[in-house]
Each structure stands twice: as C-alpha cells, then as structure tokens.
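Shown next: data_11.txt, given as compact mmCIF, C-alpha atoms (C1' of nucleotides).
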```txt
# COMPACT_ATOMS: atom_id res chain seq x y z
CA MET A 1 -56.16 -23.75 -114.88
CA ASP A 2 -53.56 -21.44 -113.53
CA ILE A 3 -51.43 -19.63 -116.08
CA SER A 4 -48.19 -20.76 -114.48
CA LYS A 5 -49.31 -24.38 -114.62
CA GLU A 6 -50.44 -24.06 -118.22
CA ILE A 7 -47.04 -22.73 -119.16
CA ARG A 8 -45.26 -25.54 -117.40
CA GLN A 9 -47.53 -28.14 -118.89
CA ARG A 10 -47.01 -26.78 -122.38
CA ARG A 11 -43.24 -26.66 -121.92
CA GLU A 12 -43.21 -30.27 -120.75
CA GLU A 13 -45.38 -31.31 -123.67
CA LEU A 14 -42.80 -29.80 -125.97
CA GLY A 15 -40.11 -31.65 -124.03
CA ILE A 16 -37.81 -28.71 -123.43
CA SER A 17 -36.02 -27.59 -120.29
CA GLN A 18 -36.61 -24.37 -118.40
CA GLU A 19 -33.13 -23.34 -119.44
CA LEU A 20 -33.84 -23.67 -123.14
CA LEU A 21 -37.23 -22.01 -122.92
CA ALA A 22 -35.77 -19.11 -120.98
CA GLU A 23 -33.10 -18.68 -123.59
CA VAL A 24 -35.29 -18.66 -126.69
CA SER A 25 -37.92 -16.47 -125.09
CA SER A 26 -35.39 -13.91 -123.86
CA LEU A 27 -36.58 -14.30 -120.31
CA SER A 28 -34.18 -14.97 -117.49
CA LEU A 29 -34.04 -18.49 -116.16
CA ARG A 30 -34.59 -17.10 -112.67
CA THR A 31 -37.83 -15.43 -113.70
CA LEU A 32 -39.10 -18.51 -115.47
CA LYS A 33 -38.39 -20.67 -112.44
CA THR A 34 -40.23 -18.23 -110.20
CA LEU A 35 -43.14 -18.06 -112.59
CA GLU A 36 -43.53 -21.81 -113.09
CA SER A 37 -43.34 -22.52 -109.40
CA GLY A 38 -46.29 -20.17 -109.00
CA LYS A 39 -44.56 -17.75 -106.68
CA GLY A 40 -44.36 -14.62 -108.73
CA ASN A 41 -46.62 -11.96 -110.10
CA PRO A 42 -45.29 -11.79 -113.64
CA THR A 43 -45.77 -8.83 -115.93
CA LEU A 44 -47.79 -9.13 -119.09
CA ALA A 45 -44.60 -8.74 -121.10
CA SER A 46 -43.03 -11.78 -119.44
CA ILE A 47 -46.10 -13.88 -120.08
CA LYS A 48 -46.21 -12.81 -123.72
CA LYS A 49 -42.57 -13.71 -124.27
CA LEU A 50 -43.37 -17.24 -123.19
CA THR A 51 -46.68 -17.67 -124.96
CA GLU A 52 -45.18 -16.58 -128.26
CA VAL A 53 -42.44 -19.15 -128.08
CA LEU A 54 -44.71 -21.88 -126.74
CA GLY A 55 -47.34 -21.38 -129.42
CA LEU A 56 -49.88 -20.26 -126.87
CA GLU A 57 -52.19 -17.29 -126.98
CA LEU A 58 -53.63 -15.21 -124.20
CA LYS A 59 -57.28 -14.42 -124.68
CA ILE A 60 -59.54 -12.20 -122.64
CA GLN A 61 -63.24 -12.79 -123.00
CA VAL A 62 -66.56 -12.34 -121.29
CA LYS A 63 -66.91 -14.97 -118.63
CA SER A 64 -69.32 -17.77 -119.36
CA ASN A 65 -72.03 -17.61 -116.71
CA GLU A 66 -71.65 -20.93 -114.93
CA GLU A 67 -72.20 -19.55 -111.46
CA SER A 68 -75.29 -17.67 -112.56
CA ARG A 69 -76.95 -20.98 -113.40
CA SER A 70 -76.05 -22.51 -110.07
CA LEU A 71 -78.20 -20.02 -108.14
CA MET B 1 -57.51 -7.47 -129.73
CA ASP B 2 -55.16 -5.92 -127.23
CA ILE B 3 -55.88 -6.63 -123.58
CA SER B 4 -55.88 -2.97 -122.66
CA LYS B 5 -58.44 -2.23 -125.34
CA GLU B 6 -60.58 -5.16 -124.34
CA ILE B 7 -60.67 -3.88 -120.79
CA ARG B 8 -61.61 -0.39 -121.86
CA GLN B 9 -64.26 -1.67 -124.21
CA ARG B 10 -65.79 -3.85 -121.51
CA ARG B 11 -65.77 -0.99 -119.00
CA GLU B 12 -67.52 1.28 -121.48
CA GLU B 13 -70.08 -1.41 -122.26
CA LEU B 14 -70.87 -1.55 -118.56
CA GLY B 15 -71.12 2.25 -118.56
CA ILE B 16 -68.83 2.86 -115.60
CA SER B 17 -66.04 5.39 -115.16
CA GLN B 18 -62.37 4.62 -114.68
CA GLU B 19 -62.71 6.04 -111.20
CA LEU B 20 -65.45 3.62 -110.19
CA LEU B 21 -63.76 0.63 -111.78
CA ALA B 22 -60.49 1.45 -110.04
CA GLU B 23 -62.28 1.70 -106.72
CA VAL B 24 -64.21 -1.57 -106.86
CA SER B 25 -61.25 -3.50 -108.23
CA SER B 26 -58.83 -2.16 -105.62
CA LEU B 27 -56.54 -0.85 -108.30
CA SER B 28 -55.29 2.71 -108.26
CA LEU B 29 -56.89 5.10 -110.68
CA ARG B 30 -53.43 6.05 -111.92
CA THR B 31 -52.60 2.46 -112.80
CA LEU B 32 -55.90 1.91 -114.56
CA LYS B 33 -55.40 5.05 -116.65
CA THR B 34 -51.92 3.93 -117.64
CA LEU B 35 -53.16 0.47 -118.48
CA GLU B 36 -56.13 1.56 -120.57
CA SER B 37 -54.09 4.04 -122.53
CA GLY B 38 -51.83 1.14 -123.49
CA LYS B 39 -48.67 2.59 -122.02
CA GLY B 40 -47.84 0.22 -119.23
CA ASN B 41 -46.70 -3.31 -118.70
CA PRO B 42 -49.23 -4.40 -116.10
CA THR B 43 -48.70 -7.30 -113.74
CA LEU B 44 -50.89 -10.36 -113.88
CA ALA B 45 -52.36 -9.39 -110.52
CA SER B 46 -53.52 -6.03 -111.86
CA ILE B 47 -55.14 -7.63 -114.86
CA LYS B 48 -56.90 -10.20 -112.70
CA LYS B 49 -58.30 -7.54 -110.39
CA LEU B 50 -59.95 -5.93 -113.38
CA THR B 51 -61.16 -9.06 -115.13
CA GLU B 52 -62.85 -10.31 -111.98
CA VAL B 53 -64.82 -7.13 -111.54
CA LEU B 54 -65.59 -6.78 -115.23
CA GLY B 55 -66.84 -10.33 -115.58
CA LEU B 56 -64.03 -11.23 -117.92
CA GLU B 57 -61.75 -14.24 -117.85
CA LEU B 58 -58.18 -14.61 -118.97
CA LYS B 59 -57.59 -17.81 -120.88
CA ILE B 60 -54.35 -19.25 -122.15
CA GLN B 61 -54.64 -21.81 -124.90
CA VAL B 62 -52.78 -23.41 -127.73
CA LYS B 63 -52.74 -21.03 -130.63
CA SER B 64 -55.04 -21.88 -133.49
CA ASN B 65 -52.86 -22.41 -136.55
CA GLU B 66 -54.06 -19.68 -138.89
CA GLU B 67 -50.64 -18.78 -140.17
CA SER B 68 -49.81 -22.38 -140.91
CA ARG B 69 -52.67 -22.49 -143.41
CA SER B 70 -51.60 -19.30 -145.12
CA LEU B 71 -48.30 -20.76 -146.28
C1' DC C 1 -69.94 31.93 -119.74
C1' DC C 2 -69.22 28.67 -115.70
C1' DT C 3 -69.46 24.10 -113.47
C1' DT C 4 -68.99 19.34 -113.32
C1' DA C 5 -67.48 14.88 -114.84
C1' DA C 6 -64.21 11.99 -117.17
C1' DA C 7 -59.89 11.13 -118.89
C1' DG C 8 -54.72 12.01 -119.84
C1' DT C 9 -50.04 13.28 -118.08
C1' DG C 10 -45.58 14.85 -115.49
C1' DC C 11 -43.48 14.24 -111.17
C1' DT C 12 -42.25 11.68 -107.22
C1' DA C 13 -41.91 7.90 -103.75
C1' DT C 14 -42.53 3.21 -102.68
C1' DA C 15 -43.17 -1.59 -103.74
C1' DT C 16 -41.86 -5.22 -106.29
C1' DG C 17 -40.67 -7.73 -110.75
C1' DT C 18 -36.47 -9.09 -113.21
C1' DT C 19 -31.88 -10.68 -113.18
C1' DG C 20 -27.47 -13.00 -111.95
C1' DC C 21 -25.00 -15.68 -108.66
C1' DA C 22 -24.29 -19.37 -105.61
C1' DC C 23 -25.93 -23.36 -103.60
C1' DC C 24 -29.09 -27.31 -102.56
C1' DT C 25 -32.13 -31.27 -103.83
C1' DG C 26 -33.65 -35.07 -106.65
C1' DT C 27 -33.07 -37.95 -110.65
C1' DT C 28 -30.63 -40.56 -114.17
C1' DG C 29 -26.81 -43.00 -115.99
C1' DT C 30 -22.10 -44.91 -115.68
C1' DA D 1 -20.17 -43.64 -105.27
C1' DC D 2 -19.67 -40.11 -108.69
C1' DA D 3 -21.00 -37.04 -112.52
C1' DA D 4 -24.32 -34.60 -115.16
C1' DC D 5 -28.66 -32.57 -115.61
C1' DA D 6 -33.02 -30.30 -114.27
C1' DG D 7 -35.29 -27.78 -111.05
C1' DG D 8 -35.87 -24.87 -106.63
C1' DT D 9 -34.33 -21.07 -103.48
C1' DG D 10 -31.86 -17.12 -100.66
C1' DC D 11 -29.58 -12.95 -101.50
C1' DA D 12 -28.58 -8.52 -103.54
C1' DA D 13 -28.71 -4.97 -107.45
C1' DC D 14 -31.25 -2.84 -110.81
C1' DA D 15 -35.38 -1.77 -113.47
C1' DT D 16 -39.88 -0.64 -113.41
C1' DA D 17 -44.95 -1.22 -111.95
C1' DT D 18 -47.94 0.84 -108.61
C1' DA D 19 -49.66 4.78 -106.38
C1' DG D 20 -50.81 9.59 -104.98
C1' DC D 21 -50.86 14.42 -106.19
C1' DA D 22 -51.57 18.34 -109.04
C1' DC D 23 -52.70 20.07 -113.34
C1' DT D 24 -54.70 20.14 -118.12
C1' DT D 25 -58.00 19.07 -121.69
C1' DT D 26 -62.44 17.85 -123.50
C1' DA D 27 -67.35 17.24 -123.40
C1' DA D 28 -71.89 17.88 -121.49
C1' DG D 29 -75.36 20.66 -119.06
C1' DG D 30 -76.81 24.69 -116.41
```

What does this structure look like when you write it as structure tokens?
Amino acid sequence: MDISKEIRQRREELGISQELLAEVSSLSLRTLKTLESGKGNPTLASIKKLTEVLGLELKIQVKSNEESRSL
Amino acid sequence: MDISKEIRQRREELGISQELLAEVSSLSLRTLKTLESGKGNPTLASIKKLTEVLGLELKIQVKSNEESRSL
DNA sequence: CCTTAAAGTGCTATATGTTGCACCTGTTGT
DNA sequence: ACAACAGGTGCAACATATAGCACTTTAAGG
C-alpha cells in the first residue's frame, strides 16, 4: 500500500484528527494534508516525524521475488 | 539500520559504483553521494528511485513492541 | 612514479518541499 | 437553518533538496 494511505489509515485507526497528529508530530497541518491526500513528495524527515508518533516503522528490505516466479 | 546505510550496503553487494547506480536510477550522482554519506534529507521520490533499481522495497508497518516488553 | 577509478566536498543555481493564511466543501448535531 | 468540526485547496514566502561543476583524497594496477 501507498505510504500516504498507510499513514492515513493508521491515524484513523487511532481516531485522531489531522490537526492533532500534526501538532504532536511537529509537522505543519498543511504538510500533513498534502501528504495524506497523496499529492506531495514528502521528505524522509517528515515521514519519520509521523511514523514515530503513530507507532509505525519504516523498513527497507530486499524485495520478495513475486514477479520472478510469474515468468 | 539506517536507510542510507541500507542503500549503500545493497549497492556494494551488487558490486556497482555510485556513478552507475545514479545513472540507471535517474538520480544525480551528487544527490546519491549526499544520501549515502548520511548528510541529506532525501525525498520519498529519491528513495523510491533507488529502491526500485536496487530490488529493495520500502515498507511501513506497525512497530513491533520491543520496548513495551523491556519495561 | 603515474594513471585510473571511486568516493567525498564546497560552491552555486534551480526546483520544490514546508509553512501559514484564507477560504470552500461536506458532515454532524442542535 | 445555523454552528462547529474535519478535511481539501490556491496562493505566497521561506527553507532546503536536487543538480552540475570543479577539486581533492584514497586505493588499485601499470
């Protein structure tokens, strides 16, 4: 799933508003709105601010080879 | 591990130079150098360009509660 | 020694992410 | 209908990521 959608989904699961999330994660409300609506190209720092507050973690790993099997 | 270090490690595993990686991922060599040396704040787009070429995937997931157990 | 390849860095210009403000829409409750 | 709340968006200012260039350092190989 898209990162922006994951963030929105997680925020909604926690039942908090964009305004509150922006405040506690020290990210501007404007930036959060842009990010969640999938229109921006956020910096890693912005994403980390949100993941820390939301209890999410960003992992980078070797891709599982699904498309290799399909050929 | 840090994302910048993961990217460098993966590039070295594949045995390619920064110059080649920058070229095939349509990212400037300057930006890749900055990123790998851990000095920048890359955008999500830059990270995605690299992960796609390197066969890596960026995943965002609920944090496993290690620190909850330690208390 | 010299040459080549790979990586790091200062400088600069350009592109764009971040931010605040104002305003609009849609929803909920009275 | 009106008010309050949550979310989306255009605009402009500021901060900074991206990019190219030149130069340096280090390591490997002749």

Distance atom CA of Gln9 of chain B-atom CA of Thr43 of chain B, one decimal place?
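Calculated distance between atom CA of Gln9 of chain B and atom CA of Thr43 of chain B is 19.6 Å.
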
Quote the spacing between atom C1' of DT18 of chain D and atom CA of Leu50 of chain A in Å to one decimal place.
23.7 Å

Return as number ranges by chain the residues belonging to chain D that are within 8 Å of chain A, counting all atoms listed in the file.
D: 6-8

Take the residues from that selection and write them out as a short mmCIF file (atom, residue, chain, number, x, y, z; two decimals), in the coordinates of the input, keeping C-alpha atoms (C1' of nucleotides).
```cif
data_model
loop_
_atom_site.label_atom_id
_atom_site.label_comp_id
_atom_site.auth_asym_id
_atom_site.auth_seq_id
_atom_site.Cartn_x
_atom_site.Cartn_y
_atom_site.Cartn_z
"C1'" DA D 6 -33.02 -30.30 -114.27
"C1'" DG D 7 -35.29 -27.78 -111.05
"C1'" DG D 8 -35.87 -24.87 -106.63
#
```

Interatomic distance between atom CA of Ser28 of chain A and atom C1' of DT18 of chain C?
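We find that atom CA of Ser28 of chain A and atom C1' of DT18 of chain C lie 7.6 Å from each other.
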
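Residues in contact with segment 25-28 of chain D at 10 Å, where all atoms listed in the file are counted and same-chain residues fewer than 3 positions away are skipped, are listed as DT4, DA5, DA6, DA7 and DG8 of chain C.
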
Which residues come within 8 Å of Gly38 of chain B, counting all atoms listed in the file, excluding same-chain residues fewer than 2 positions away, as a VMD selection string?
chain B and resid 4 to 5 34 to 36 40

B:Pro42, B:Ile3, B:Val24, B:Lys59 ranked by distance to chain C, top pick (using all atoms listed in the file)
B:Pro42

Contact set, chain B to chain A: 8 Å, all atoms listed in the file, as number ranges by chain
B: 3, 6, 41-45, 55-63

List every protein, DNA or RNA residue with an atom no more than 9 Å from (-47.0, 2.5, -105.1) in the file's coordinates, counting only C-alpha atoms (C1' of nucleotides), and format the result as a ChimeraX atom specification.
/B:28 /C:13-15 /D:17-20

Expected file contents, prior selection, C-alpha atoms (C1' of nucleotides), as a short mmCIF file (atom, residue, chain, number, x, y, z; two decimals), in the coordinates of the input:
```
data_model
loop_
_atom_site.label_atom_id
_atom_site.label_comp_id
_atom_site.auth_asym_id
_atom_site.auth_seq_id
_atom_site.Cartn_x
_atom_site.Cartn_y
_atom_site.Cartn_z
CA SER B 28 -55.29 2.71 -108.26
"C1'" DA C 13 -41.91 7.90 -103.75
"C1'" DT C 14 -42.53 3.21 -102.68
"C1'" DA C 15 -43.17 -1.59 -103.74
"C1'" DA D 17 -44.95 -1.22 -111.95
"C1'" DT D 18 -47.94 0.84 -108.61
"C1'" DA D 19 -49.66 4.78 -106.38
"C1'" DG D 20 -50.81 9.59 -104.98
#
```

Please produce segment 33-69 of chain A, completed to N, CA and C atoms, as a compact mmCIF listing (two decimals), in the frame of the given file.
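The result, written out as part_10.txt:
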```
# COMPACT_ATOMS: atom_id res chain seq x y z
N LYS A 33 -38.27 -19.76 -113.58
CA LYS A 33 -38.39 -20.67 -112.44
C LYS A 33 -39.42 -20.13 -111.45
N THR A 34 -39.30 -18.86 -111.14
CA THR A 34 -40.23 -18.23 -110.20
C THR A 34 -41.66 -18.32 -110.71
N LEU A 35 -41.81 -18.04 -112.00
CA LEU A 35 -43.14 -18.06 -112.59
C LEU A 35 -43.75 -19.47 -112.55
N GLU A 36 -42.98 -20.44 -113.00
CA GLU A 36 -43.53 -21.81 -113.09
C GLU A 36 -43.83 -22.41 -111.72
N SER A 37 -43.07 -21.98 -110.73
CA SER A 37 -43.34 -22.52 -109.40
C SER A 37 -44.47 -21.73 -108.72
N GLY A 38 -45.09 -20.85 -109.47
CA GLY A 38 -46.29 -20.17 -109.00
C GLY A 38 -46.07 -19.14 -107.91
N LYS A 39 -44.84 -18.66 -107.79
CA LYS A 39 -44.56 -17.75 -106.68
C LYS A 39 -44.54 -16.29 -107.05
N GLY A 40 -44.52 -16.01 -108.32
CA GLY A 40 -44.36 -14.62 -108.73
C GLY A 40 -45.64 -13.94 -109.14
N ASN A 41 -45.52 -12.73 -109.55
CA ASN A 41 -46.62 -11.96 -110.10
C ASN A 41 -46.08 -11.37 -111.40
N PRO A 42 -45.99 -12.20 -112.42
CA PRO A 42 -45.29 -11.79 -113.64
C PRO A 42 -45.96 -10.62 -114.35
N THR A 43 -45.20 -9.90 -115.12
CA THR A 43 -45.77 -8.83 -115.93
C THR A 43 -46.32 -9.43 -117.21
N LEU A 44 -47.19 -8.67 -117.84
CA LEU A 44 -47.79 -9.13 -119.09
C LEU A 44 -46.71 -9.40 -120.13
N ALA A 45 -45.69 -8.58 -120.13
CA ALA A 45 -44.60 -8.74 -121.10
C ALA A 45 -43.91 -10.09 -120.92
N SER A 46 -43.67 -10.49 -119.69
CA SER A 46 -43.03 -11.78 -119.44
C SER A 46 -43.90 -12.92 -119.93
N ILE A 47 -45.19 -12.83 -119.65
CA ILE A 47 -46.10 -13.88 -120.08
C ILE A 47 -46.14 -13.97 -121.61
N LYS A 48 -46.16 -12.82 -122.25
CA LYS A 48 -46.21 -12.81 -123.72
C LYS A 48 -44.97 -13.41 -124.34
N LYS A 49 -43.81 -13.13 -123.75
CA LYS A 49 -42.57 -13.71 -124.27
C LYS A 49 -42.68 -15.23 -124.32
N LEU A 50 -43.25 -15.78 -123.26
CA LEU A 50 -43.37 -17.24 -123.19
C LEU A 50 -44.44 -17.79 -124.12
N THR A 51 -45.60 -17.15 -124.13
CA THR A 51 -46.68 -17.67 -124.96
C THR A 51 -46.31 -17.65 -126.44
N GLU A 52 -45.57 -16.64 -126.86
CA GLU A 52 -45.18 -16.58 -128.26
C GLU A 52 -44.31 -17.77 -128.65
N VAL A 53 -43.34 -18.05 -127.79
CA VAL A 53 -42.44 -19.15 -128.08
C VAL A 53 -43.14 -20.50 -127.96
N LEU A 54 -44.05 -20.60 -127.01
CA LEU A 54 -44.71 -21.88 -126.74
C LEU A 54 -45.88 -22.15 -127.67
N GLY A 55 -46.20 -21.19 -128.53
CA GLY A 55 -47.34 -21.38 -129.42
C GLY A 55 -48.65 -21.29 -128.67
N LEU A 56 -48.66 -20.47 -127.64
CA LEU A 56 -49.88 -20.26 -126.87
C LEU A 56 -50.39 -18.86 -127.15
N GLU A 57 -51.67 -18.64 -126.86
CA GLU A 57 -52.19 -17.29 -126.98
C GLU A 57 -53.01 -16.96 -125.74
N LEU A 58 -52.94 -15.70 -125.38
CA LEU A 58 -53.63 -15.21 -124.20
C LEU A 58 -54.90 -14.52 -124.68
N LYS A 59 -56.03 -15.03 -124.25
CA LYS A 59 -57.28 -14.42 -124.68
C LYS A 59 -58.05 -13.89 -123.49
N ILE A 60 -58.71 -12.77 -123.70
CA ILE A 60 -59.54 -12.20 -122.64
C ILE A 60 -60.95 -12.15 -123.19
N GLN A 61 -61.88 -12.70 -122.48
CA GLN A 61 -63.24 -12.79 -123.00
C GLN A 61 -64.27 -12.71 -121.88
N VAL A 62 -65.48 -12.42 -122.27
CA VAL A 62 -66.56 -12.34 -121.29
C VAL A 62 -66.74 -13.72 -120.67
N LYS A 63 -66.82 -13.72 -119.36
CA LYS A 63 -66.91 -14.97 -118.63
C LYS A 63 -68.22 -15.69 -118.95
N SER A 64 -68.11 -16.98 -119.17
CA SER A 64 -69.32 -17.77 -119.36
C SER A 64 -70.02 -17.90 -118.01
N ASN A 65 -71.32 -17.73 -118.00
CA ASN A 65 -72.03 -17.61 -116.71
C ASN A 65 -72.40 -18.96 -116.10
N GLU A 66 -71.38 -19.65 -115.60
CA GLU A 66 -71.65 -20.93 -114.93
C GLU A 66 -72.27 -20.71 -113.56
N GLU A 67 -71.72 -19.75 -112.84
CA GLU A 67 -72.20 -19.55 -111.46
C GLU A 67 -73.57 -18.88 -111.42
N SER A 68 -73.97 -18.26 -112.53
CA SER A 68 -75.29 -17.67 -112.56
C SER A 68 -76.34 -18.77 -112.59
N ARG A 69 -76.01 -19.87 -113.30
CA ARG A 69 -76.95 -20.98 -113.40
C ARG A 69 -77.10 -21.70 -112.07
```
